[in-house]
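**Student:** Following this line is my_file-v5.cif, made up of mmCIF, C-alpha atoms:
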data_start
#
loop_
_atom_site.label_atom_id
_atom_site.label_comp_id
_atom_site.auth_asym_id
_atom_site.auth_seq_id
_atom_site.Cartn_x
_atom_site.Cartn_y
_atom_site.Cartn_z
CA MET A 159 -20.22 -1.91 -8.63
CA LEU A 160 -16.50 -1.30 -9.04
CA LEU A 161 -13.88 -4.03 -8.65
CA ALA A 162 -10.59 -2.40 -7.58
CA ILE A 163 -7.46 -4.57 -7.73
CA ASP A 164 -4.11 -3.53 -6.24
CA VAL A 165 -1.19 -5.90 -6.89
CA GLY A 166 1.78 -5.53 -4.55
CA ASN A 167 4.94 -7.59 -4.45
CA THR A 168 3.66 -9.65 -1.51
CA ASN A 169 -0.14 -9.39 -1.51
CA THR A 170 -2.90 -8.60 -3.99
CA LYS A 171 -5.92 -6.75 -2.64
CA PHE A 172 -9.39 -6.93 -4.19
CA ALA A 173 -12.14 -4.51 -3.14
CA VAL A 174 -15.73 -3.94 -4.29
CA TYR A 175 -17.40 -0.52 -4.12
CA ASP A 176 -21.15 -0.12 -4.67
CA GLY A 177 -21.24 3.65 -5.19
CA ALA A 178 -21.66 4.44 -1.51
CA VAL A 179 -19.59 2.02 0.59
CA TRP A 180 -16.93 -0.64 0.21
CA ARG A 181 -18.87 -3.93 0.27
CA GLY A 182 -15.84 -6.14 0.80
CA GLN A 183 -12.04 -6.23 0.75
CA TRP A 184 -9.96 -9.39 0.39
CA ARG A 185 -6.25 -10.22 0.14
CA ALA A 186 -4.46 -13.03 -1.69
CA SER A 187 -0.75 -13.75 -1.91
CA THR A 188 0.72 -12.32 -5.12
CA ASP A 189 1.61 -15.00 -7.66
CA ALA A 190 2.37 -13.79 -11.17
CA ALA A 191 1.62 -17.25 -12.56
CA ARG A 192 -1.90 -17.45 -11.09
CA THR A 193 -4.35 -17.70 -14.00
CA ALA A 194 -7.57 -15.80 -14.63
CA ASP A 195 -9.53 -18.99 -13.92
CA GLU A 196 -7.80 -19.45 -10.55
CA TYR A 197 -8.51 -15.83 -9.63
CA GLY A 198 -12.10 -16.22 -10.85
CA ALA A 199 -12.84 -19.29 -8.74
CA TRP A 200 -11.34 -17.75 -5.58
CA LEU A 201 -12.90 -14.31 -6.04
CA SER A 202 -16.32 -15.78 -6.79
CA THR A 203 -16.17 -17.66 -3.49
CA VAL A 204 -15.09 -14.76 -1.26
CA MET A 205 -17.52 -12.34 -2.93
CA GLY A 206 -20.27 -14.88 -2.35
CA PHE A 207 -19.68 -14.63 1.41
CA GLN A 208 -20.82 -10.99 1.10
CA GLY A 209 -23.76 -11.79 -1.17
CA LEU A 210 -21.93 -10.53 -4.27
CA SER A 211 -21.23 -12.05 -7.68
CA PHE A 212 -19.50 -11.12 -10.92
CA ASP A 213 -22.91 -10.12 -12.31
CA ASP A 214 -22.97 -7.22 -9.83
CA LEU A 215 -19.78 -5.68 -11.24
CA ARG A 216 -19.99 -2.81 -13.73
CA ALA A 217 -16.36 -1.62 -13.87
CA CYS A 218 -12.82 -2.64 -12.93
CA ILE A 219 -9.56 -0.79 -12.25
CA ILE A 220 -6.16 -2.43 -11.77
CA SER A 221 -2.92 -1.16 -10.25
CA THR A 222 0.09 -3.46 -10.29
CA VAL A 223 3.81 -3.34 -9.54
CA VAL A 224 4.16 -6.90 -10.89
CA PRO A 225 3.85 -6.56 -14.68
CA GLN A 226 3.63 -10.33 -15.22
CA ALA A 227 0.38 -10.45 -13.23
CA LEU A 228 -1.44 -7.95 -15.44
CA PHE A 229 -2.15 -10.39 -18.29
CA HIS A 230 -4.10 -12.77 -16.04
CA LEU A 231 -5.94 -10.00 -14.16
CA ARG A 232 -6.97 -8.32 -17.41
CA ASN A 233 -8.34 -11.68 -18.55
CA LEU A 234 -10.15 -12.03 -15.21
CA ALA A 235 -12.00 -8.77 -15.89
CA ARG A 236 -12.75 -9.69 -19.50
CA ARG A 237 -13.75 -13.31 -18.98
CA TYR A 238 -15.64 -13.22 -15.69
CA ALA A 239 -16.84 -9.62 -15.34
CA LYS A 240 -17.32 -9.05 -19.10
CA MET A 241 -15.52 -5.68 -19.14
CA GLU A 242 -12.30 -3.97 -20.17
CA PRO A 243 -10.44 -2.73 -17.07
CA HIS A 244 -8.78 0.62 -16.49
CA VAL A 245 -5.06 0.07 -15.78
CA VAL A 246 -3.11 2.63 -13.75
CA GLY A 247 0.04 3.70 -15.57
CA GLU A 248 -1.21 3.06 -19.09
CA PRO A 249 -1.40 6.08 -21.44
CA ASP A 250 -5.21 6.17 -21.56
CA CYS A 251 -5.55 6.22 -17.74
CA GLU A 252 -5.45 9.81 -16.49
CA LEU A 253 -4.18 10.46 -12.97
CA GLY A 254 -5.05 14.13 -12.69
CA ILE A 255 -1.80 14.95 -10.84
CA ALA A 256 1.61 16.28 -11.83
CA LEU A 257 4.70 14.10 -11.36
CA ARG A 258 7.60 16.34 -10.33
CA ILE A 259 10.23 13.61 -10.56
CA ASP A 260 13.11 13.12 -13.00
CA ASN A 261 11.53 10.25 -14.95
CA PRO A 262 7.74 9.90 -14.50
CA ARG A 263 7.87 6.47 -16.18
CA GLU A 264 9.80 5.16 -13.16
CA ALA A 265 6.95 5.94 -10.76
CA GLY A 266 5.38 2.69 -9.57
CA ALA A 267 1.62 2.35 -9.87
CA ASP A 268 1.37 1.98 -6.10
CA ARG A 269 3.10 5.34 -5.60
CA LEU A 270 0.66 7.03 -7.99
CA VAL A 271 -2.43 5.50 -6.41
CA ASN A 272 -1.30 6.35 -2.88
CA ALA A 273 -0.57 9.95 -3.87
CA VAL A 274 -4.06 10.36 -5.29
CA GLY A 275 -5.75 8.58 -2.37
CA ALA A 276 -3.87 10.57 0.26
CA TYR A 277 -4.59 13.90 -1.42
CA VAL A 278 -8.31 13.18 -1.80
CA ALA A 279 -8.69 12.03 1.81
CA HIS A 280 -6.25 14.27 3.66
CA GLY A 281 -5.21 17.11 1.36
CA GLY A 282 -1.68 18.37 0.96
CA PRO A 283 1.10 18.85 1.56
CA ILE A 284 1.44 15.40 3.07
CA ILE A 285 3.93 12.57 3.60
CA VAL A 286 2.53 9.10 2.84
CA ILE A 287 4.33 6.18 4.52
CA ASP A 288 3.47 2.79 3.02
CA SER A 289 4.76 -0.21 5.00
CA GLY A 290 4.79 -3.35 2.89
CA THR A 291 7.47 -5.30 1.04
CA ALA A 292 9.28 -1.97 0.95
CA THR A 293 8.81 0.99 3.28
CA THR A 294 8.14 4.01 1.09
CA PHE A 295 7.73 7.71 1.76
CA ASP A 296 5.79 9.70 -0.85
CA VAL A 297 5.67 13.49 -0.66
CA VAL A 298 2.50 15.06 -2.08
CA ALA A 299 2.34 18.83 -2.54
CA GLU A 300 -0.52 21.21 -1.77
CA ASP A 301 -1.75 20.92 -5.37
CA GLY A 302 -1.69 17.09 -5.28
CA ALA A 303 1.55 16.68 -7.25
CA LEU A 304 3.96 13.87 -6.41
CA GLU A 305 7.16 15.67 -5.39
CA GLY A 306 9.36 12.62 -4.80
CA VAL A 307 9.80 9.30 -3.05
CA ILE A 308 12.07 7.53 -0.54
CA ILE A 309 12.31 3.72 -0.73
CA ALA A 310 13.72 1.56 2.08
CA PRO A 311 13.56 -2.22 2.68
CA GLY A 312 10.41 -3.38 4.44
CA ILE A 313 10.44 -4.78 7.97
CA ASN A 314 9.68 -8.33 6.78
CA LEU A 315 12.61 -8.19 4.36
CA SER A 316 14.92 -7.16 7.18
CA LEU A 317 13.85 -10.06 9.39
CA GLN A 318 14.16 -12.47 6.47
CA ALA A 319 17.65 -11.21 5.67
CA LEU A 320 18.77 -11.72 9.28
CA HIS A 321 17.43 -15.27 9.32
CA MET A 322 18.92 -16.22 5.95
CA ALA A 323 22.33 -14.60 6.36
CA ALA A 324 23.09 -15.61 9.95
CA ALA A 325 23.13 -19.35 10.62
CA ARG A 326 22.11 -19.13 14.30
CA LEU A 327 19.42 -16.47 14.03
CA PRO A 328 15.89 -17.93 13.90
CA ARG A 329 12.83 -16.74 12.00
CA VAL A 330 10.83 -14.66 14.49
CA GLU A 331 7.46 -12.99 14.74
CA ILE A 332 7.29 -9.23 14.19
CA LYS A 333 6.03 -7.69 17.40
CA ARG A 334 6.61 -4.79 19.74
CA PRO A 335 9.09 -6.03 22.38
CA VAL A 336 8.16 -5.48 26.02
CA ASP A 337 9.57 -6.33 29.45
CA VAL A 338 8.05 -8.77 31.97
CA ASP A 339 5.64 -6.08 33.17
CA GLY A 340 4.38 -5.31 29.67
CA GLY A 341 6.26 -2.03 29.24
CA ASP A 342 8.37 -1.09 26.23
CA TRP A 343 11.92 -2.42 26.55
CA ALA A 344 14.56 -2.19 23.84
CA LEU A 345 17.50 -4.10 25.32
CA GLY A 346 17.18 -7.80 24.48
CA LYS A 347 17.79 -10.48 27.10
CA ASN A 348 17.52 -13.35 24.60
CA THR A 349 17.97 -13.83 20.86
CA VAL A 350 14.31 -13.50 19.89
CA HIS A 351 13.82 -10.35 21.96
CA ALA A 352 17.05 -8.90 20.59
CA MET A 353 15.99 -9.46 16.97
CA GLN A 354 12.48 -8.15 17.53
CA SER A 355 13.80 -5.08 19.28
CA GLY A 356 16.38 -4.31 16.61
CA VAL A 357 13.87 -4.58 13.79
CA PHE A 358 10.83 -3.00 15.48
CA TRP A 359 12.53 -0.06 17.20
CA GLY A 360 14.93 0.29 14.28
CA TYR A 361 11.97 0.84 11.96
CA VAL A 362 10.30 3.21 14.39
CA GLU A 363 13.43 5.34 14.34
CA LEU A 364 13.75 4.98 10.55
CA ILE A 365 10.18 6.22 10.07
CA ASP A 366 10.44 9.06 12.58
CA GLY A 367 13.92 10.05 11.38
CA LEU A 368 13.07 10.16 7.68
CA ALA A 369 9.78 11.97 8.33
CA ARG A 370 11.67 14.54 10.38
CA ARG A 371 14.31 14.95 7.66
CA LEU A 372 11.69 15.39 4.94
CA LYS A 373 9.92 18.04 6.99
CA THR A 374 13.18 19.87 7.61
CA GLU A 375 14.07 19.83 3.91
CA LEU A 376 10.66 20.56 2.41
CA GLU A 377 8.43 22.48 4.81
CA PRO A 378 10.17 25.83 4.05
CA SER A 379 8.99 25.50 0.44
CA LEU A 380 5.91 23.25 0.63
CA GLY A 381 4.42 24.29 3.98
CA SER A 382 3.56 22.29 7.10
CA MET A 383 3.09 18.59 6.27
CA ARG A 384 0.94 15.94 7.93
CA VAL A 385 2.05 12.32 7.92
CA VAL A 386 -0.30 9.46 7.01
CA ALA A 387 0.59 5.75 7.23
CA THR A 388 -0.89 2.85 5.29
CA GLY A 389 0.08 -0.67 4.20
CA GLY A 390 -0.04 -4.20 5.52
CA VAL A 391 2.18 -3.71 8.58
CA ALA A 392 1.58 -0.02 9.31
CA SER A 393 -0.66 -0.81 12.29
CA LEU A 394 2.36 -2.38 14.06
CA PHE A 395 3.77 1.10 14.62
CA GLU A 396 0.60 2.76 15.91
CA GLY A 397 1.41 4.43 19.21
CA ALA A 398 5.16 3.92 18.74
CA CYS A 399 5.95 6.36 15.91
CA ARG A 400 5.76 9.96 17.06
CA SER A 401 5.72 11.34 13.53
CA ILE A 402 2.56 9.65 12.21
CA ASP A 403 -0.63 11.71 12.44
CA VAL A 404 -3.13 9.36 10.75
CA TYR A 405 -3.36 5.62 10.01
CA ASP A 406 -5.48 4.95 6.90
CA ASP A 407 -5.95 1.32 5.84
CA ASP A 408 -8.26 2.28 2.95
CA LEU A 409 -5.96 4.81 1.31
CA THR A 410 -5.02 2.67 -1.72
CA ALA A 411 -8.60 1.59 -2.42
CA ARG A 412 -9.69 5.21 -2.16
CA GLY A 413 -6.99 6.21 -4.64
CA LEU A 414 -8.14 3.60 -7.15
CA LEU A 415 -11.73 4.81 -6.81
CA GLU A 416 -10.69 8.42 -7.41
CA ILE A 417 -8.62 7.52 -10.50
CA PHE A 418 -11.61 5.58 -11.82
CA ARG A 419 -13.78 8.68 -11.39
CA ARG A 420 -11.15 10.95 -13.01
CA ASN A 421 -11.35 8.72 -16.08
CA GLY A 422 -15.08 9.25 -16.43
CA GLY A 423 -16.12 6.20 -14.47
CA THR A 424 -19.58 6.15 -12.91
CA LEU A 425 -21.52 3.48 -11.04
#
Please express the file's structure as structure tokens.

**Tutor:**
Amino acid sequence: MLLAIDVGNTNTKFAVYDGAVWRGQWRASTDAARTADEYGAWLSTVMGFQGLSFDDLRACIISTVVPQALFHLRNLARRYAKMEPHVVGEPDCELGIALRIDNPREAGADRLVNAVGAYVAHGGPIIVIDSGTATTFDVVAEDGALEGVIIAPGINLSLQALHMAAARLPRVEIKRPVDVDGGDWALGKNTVHAMQSGVFWGYVELIDGLARRLKTELEPSLGSMRVVATGGVASLFEGACRSIDVYDDDLTARGLLEIFRRNGGTL
């Protein structure tokens, strides 16, 4: 079985693939100081709930945007799974795609994995919207190449900034604001509703507006593009964003699996 690990700025996702299906997927808060032993104890427990153990693992692949976390996760693979992991972004890990950006070294591992996962699952050209700590837009061409990226602050960061910078604004739940009858309603009648409306509908318009701009700029040269959304908070916008064609929660895991295969990995 394959252990796929994706380290984001907020959460770290672990997934196990048995060669046919994903047997389990689990999230932990990202902590660069968490040791291999701490990861090992936690992961052994959650895998056990699915009848899995470290003895079942035959390979490991890691993608991380938090470089400090890599040391401990590499030791996790070596110490508990008795293997050397593939690491996305390292010279010996082939992606199998072109990077048509000014400095390929700047491309985050998450951008690379999402580009591969989106292309394998949905083809190209395609716009991949990843809603997490940041809200990112990756453009993948018909041949699978990464054409470029847009990076905006994530919705949680925006709410946190409002709470921290304005003394009288509370910390609020992210949710789709509605009126007393349950219908969509943007204009706030109280502080909480006003904040939720500004952030939620603001991000809906950000997503739809940037997707529309990318299509206007790029479709004449790349062709008609579909839009796929993924990430921890992407489901919040389902039914609200007019631009999104597909919601794919497994896109990153699928990208890690494909990169593993492109590097000769078999299960």

**Student:** Written as a VMD selection string, what is the full residue list that the PyMOL selection byres ((chain A and resi 407) around 12) yields on the file shown?

**Tutor:** chain A and resid 171 183 272 275 to 276 279 286 to 289 386 to 393 404 to 406 408 to 413

**Student:** Mind writing the picked residues with C-alpha atoms as an mmCIF file, in the coordinates of the input?

**Tutor:**
data_model
loop_
_atom_site.group_PDB
_atom_site.id
_atom_site.type_symbol
_atom_site.label_atom_id
_atom_site.label_comp_id
_atom_site.auth_asym_id
_atom_site.auth_seq_id
_atom_site.Cartn_x
_atom_site.Cartn_y
_atom_site.Cartn_z
ATOM 1 C CA LYS A 171 -5.920 -6.750 -2.640
ATOM 2 C CA GLN A 183 -12.040 -6.230 0.750
ATOM 3 C CA ASN A 272 -1.300 6.350 -2.880
ATOM 4 C CA GLY A 275 -5.750 8.580 -2.370
ATOM 5 C CA ALA A 276 -3.870 10.570 0.260
ATOM 6 C CA ALA A 279 -8.690 12.030 1.810
ATOM 7 C CA VAL A 286 2.530 9.100 2.840
ATOM 8 C CA ILE A 287 4.330 6.180 4.520
ATOM 9 C CA ASP A 288 3.470 2.790 3.020
ATOM 10 C CA SER A 289 4.760 -0.210 5.000
ATOM 11 C CA VAL A 386 -0.300 9.460 7.010
ATOM 12 C CA ALA A 387 0.590 5.750 7.230
ATOM 13 C CA THR A 388 -0.890 2.850 5.290
ATOM 14 C CA GLY A 389 0.080 -0.670 4.200
ATOM 15 C CA GLY A 390 -0.040 -4.200 5.520
ATOM 16 C CA VAL A 391 2.180 -3.710 8.580
ATOM 17 C CA ALA A 392 1.580 -0.020 9.310
ATOM 18 C CA SER A 393 -0.660 -0.810 12.290
ATOM 19 C CA VAL A 404 -3.130 9.360 10.750
ATOM 20 C CA TYR A 405 -3.360 5.620 10.010
ATOM 21 C CA ASP A 406 -5.480 4.950 6.900
ATOM 22 C CA ASP A 408 -8.260 2.280 2.950
ATOM 23 C CA LEU A 409 -5.960 4.810 1.310
ATOM 24 C CA THR A 410 -5.020 2.670 -1.720
ATOM 25 C CA ALA A 411 -8.600 1.590 -2.420
ATOM 26 C CA ARG A 412 -9.690 5.210 -2.160
ATOM 27 C CA GLY A 413 -6.990 6.210 -4.640
#

**Student:** Given the PyMOL selection byres ((chain A and resi 226-243) around 6) and the file above, list the residues it selects as a PDB file with C-alpha atoms, keeping the file's coordinate frame.

**Tutor:**
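Generated file (out_13.pdb):
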ATOM      1  CA  ALA A 190       2.370 -13.790 -11.170  1.00  0.00           C
ATOM      2  CA  THR A 193      -4.350 -17.700 -14.000  1.00  0.00           C
ATOM      3  CA  ALA A 194      -7.570 -15.800 -14.630  1.00  0.00           C
ATOM      4  CA  PHE A 212     -19.500 -11.120 -10.920  1.00  0.00           C
ATOM      5  CA  CYS A 218     -12.820  -2.640 -12.930  1.00  0.00           C
ATOM      6  CA  ILE A 219      -9.560  -0.790 -12.250  1.00  0.00           C
ATOM      7  CA  VAL A 224       4.160  -6.900 -10.890  1.00  0.00           C
ATOM      8  CA  PRO A 225       3.850  -6.560 -14.680  1.00  0.00           C
ATOM      9  CA  HIS A 244      -8.780   0.620 -16.490  1.00  0.00           C
TER      10      HIS A 244
END

**Student:** Go through the shown structure with the PyMOL selection byres ((chain A and resi 383) around 7) and write out the matching residues as a JSON list (two decimals) with C-alpha atoms, keeping the file's coordinate frame.

**Tutor:**
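This is the output file result_9.json:
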[["chain", "number", "residue", "atom", "x", "y", "z"],
["A", 283, "PRO", "CA", 1.10, 18.85, 1.56],
["A", 284, "ILE", "CA", 1.44, 15.40, 3.07],
["A", 285, "ILE", "CA", 3.93, 12.57, 3.60],
["A", 373, "LYS", "CA", 9.92, 18.04, 6.99],
["A", 377, "GLU", "CA", 8.43, 22.48, 4.81],
["A", 381, "GLY", "CA", 4.42, 24.29, 3.98],
["A", 382, "SER", "CA", 3.56, 22.29, 7.10],
["A", 384, "ARG", "CA", 0.94, 15.94, 7.93],
["A", 385, "VAL", "CA", 2.05, 12.32, 7.92]]

**Student:** With all atoms listed in the file as the basis for distance, which of A:Leu320, A:Asn421, A:Trp343, A:Glu396 is at the shortest distance from Glu248 of chain A?

**Tutor:**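 Going through A:Leu320, A:Asn421, A:Trp343, A:Glu396 one by one, the smallest distance to Glu248 of chain A is for A:Asn421.
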
**Student:** Which protein, DNA or RNA residues have an atom at most 8 Å from (0.9, 19.4, -2.6), counting all atoms listed in the file? List them as a list in words.

**Tutor:** Tyr277, Gly281, Gly282, Pro283, Ile284, Val297, Val298, Ala299, Glu300, Asp301, Gly302, Ala303, Leu304, Glu305 and Leu380 of chain A

**Student:** Grab the atom CA of Ala292 of chain A to atom CA of Pro311 of chain A distance for me, in Å with one decimal place.

**Tutor:** 4.6 Å

**Student:** So the first atom is atom CA of Asp189 of chain A and the second is atom CA of Ile332 of chain A; what is the distance between them in Å, to one decimal place?

**Tutor:** 23.3 Å

**Student:** At what distance in Å, to one decimal, does atom CA of Gly247 of chain A lie from atom CA of Asn261 of chain A?

**Tutor:** 13.2 Å

**Student:** Would you be able to write out as a list in words which residues have an atom within 12 Å of (13.8, -6.1, 6.4) in the file's coordinates, counting all atoms listed in the file?

**Tutor:** Ser289, Gly290, Thr291, Ala292, Thr293, Ala310, Pro311, Gly312, Ile313, Asn314, Leu315, Ser316, Leu317, Gln318, Ala319, Leu320, His321, Met322, Ile332, Met353, Gln354, Gly356, Val357, Phe358, Gly360, Tyr361 and Leu364 of chain A

**Student:** Counting all atoms listed in the file, which residue out of A:Asp260, A:Gly341, A:His280, A:Arg329 sits closest to Asp403 of chain A?

**Tutor:**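 Under the stated criterion, the closest residue is A:His280.
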
**Student:** Write out as an mmCIF file with C-alpha atoms, keeping the file's coordinate frame each polymer residue whose atoms come within 12 Å of Val338 of chain A, counting all atoms listed in the file; drop sequence neighbours fewer than 6 positions from it.

**Tutor:**
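And here's selection-v9.cif as it stands now:
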data_model
loop_
_atom_site.group_PDB
_atom_site.id
_atom_site.type_symbol
_atom_site.label_atom_id
_atom_site.label_comp_id
_atom_site.auth_asym_id
_atom_site.auth_seq_id
_atom_site.Cartn_x
_atom_site.Cartn_y
_atom_site.Cartn_z
ATOM 1 C CA GLY A 346 17.180 -7.800 24.480
ATOM 2 C CA LYS A 347 17.790 -10.480 27.100
ATOM 3 C CA HIS A 351 13.820 -10.350 21.960
#

**Student:** For segment 244-258 of chain A, I'd like the enclosing box, axis-aligned and padded by 3 Å on every side, reported as JSON with centre and edge lengths in Å to one decimal.

**Tutor:**
{"center_x": -0.6, "center_y": 8.2, "center_z": -15.9, "size_x": 22.4, "size_y": 22.3, "size_z": 17.2}

**Student:** Rank A:Ile417, A:Val271, A:Leu257, A:Leu368 by their smallest atom-to-atom distance to Cys399 of chain A, using all atoms listed in the file, and report the top residue only.

**Tutor:**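 Closest residue, counting all atoms listed in the file: A:Leu368.
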
**Student:** If we count all atoms listed in the file and set the cut-off at 9 Å, which residues sit around Asp176 of chain A, ignoring sequence neighbours fewer than 6 positions away in its own chain? Please answer as a PDB file with C-alpha atoms, in the coordinates of the input.

**Tutor:**
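As written to disk, around.pdb reads:
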ATOM      1  CA  MET A 159     -20.220  -1.910  -8.630  1.00  0.00           C
ATOM      2  CA  LEU A 160     -16.500  -1.300  -9.040  1.00  0.00           C
ATOM      3  CA  ASP A 214     -22.970  -7.220  -9.830  1.00  0.00           C
ATOM      4  CA  LEU A 215     -19.780  -5.680 -11.240  1.00  0.00           C
ATOM      5  CA  LEU A 425     -21.520   3.480 -11.040  1.00  0.00           C
TER       6      LEU A 425
END
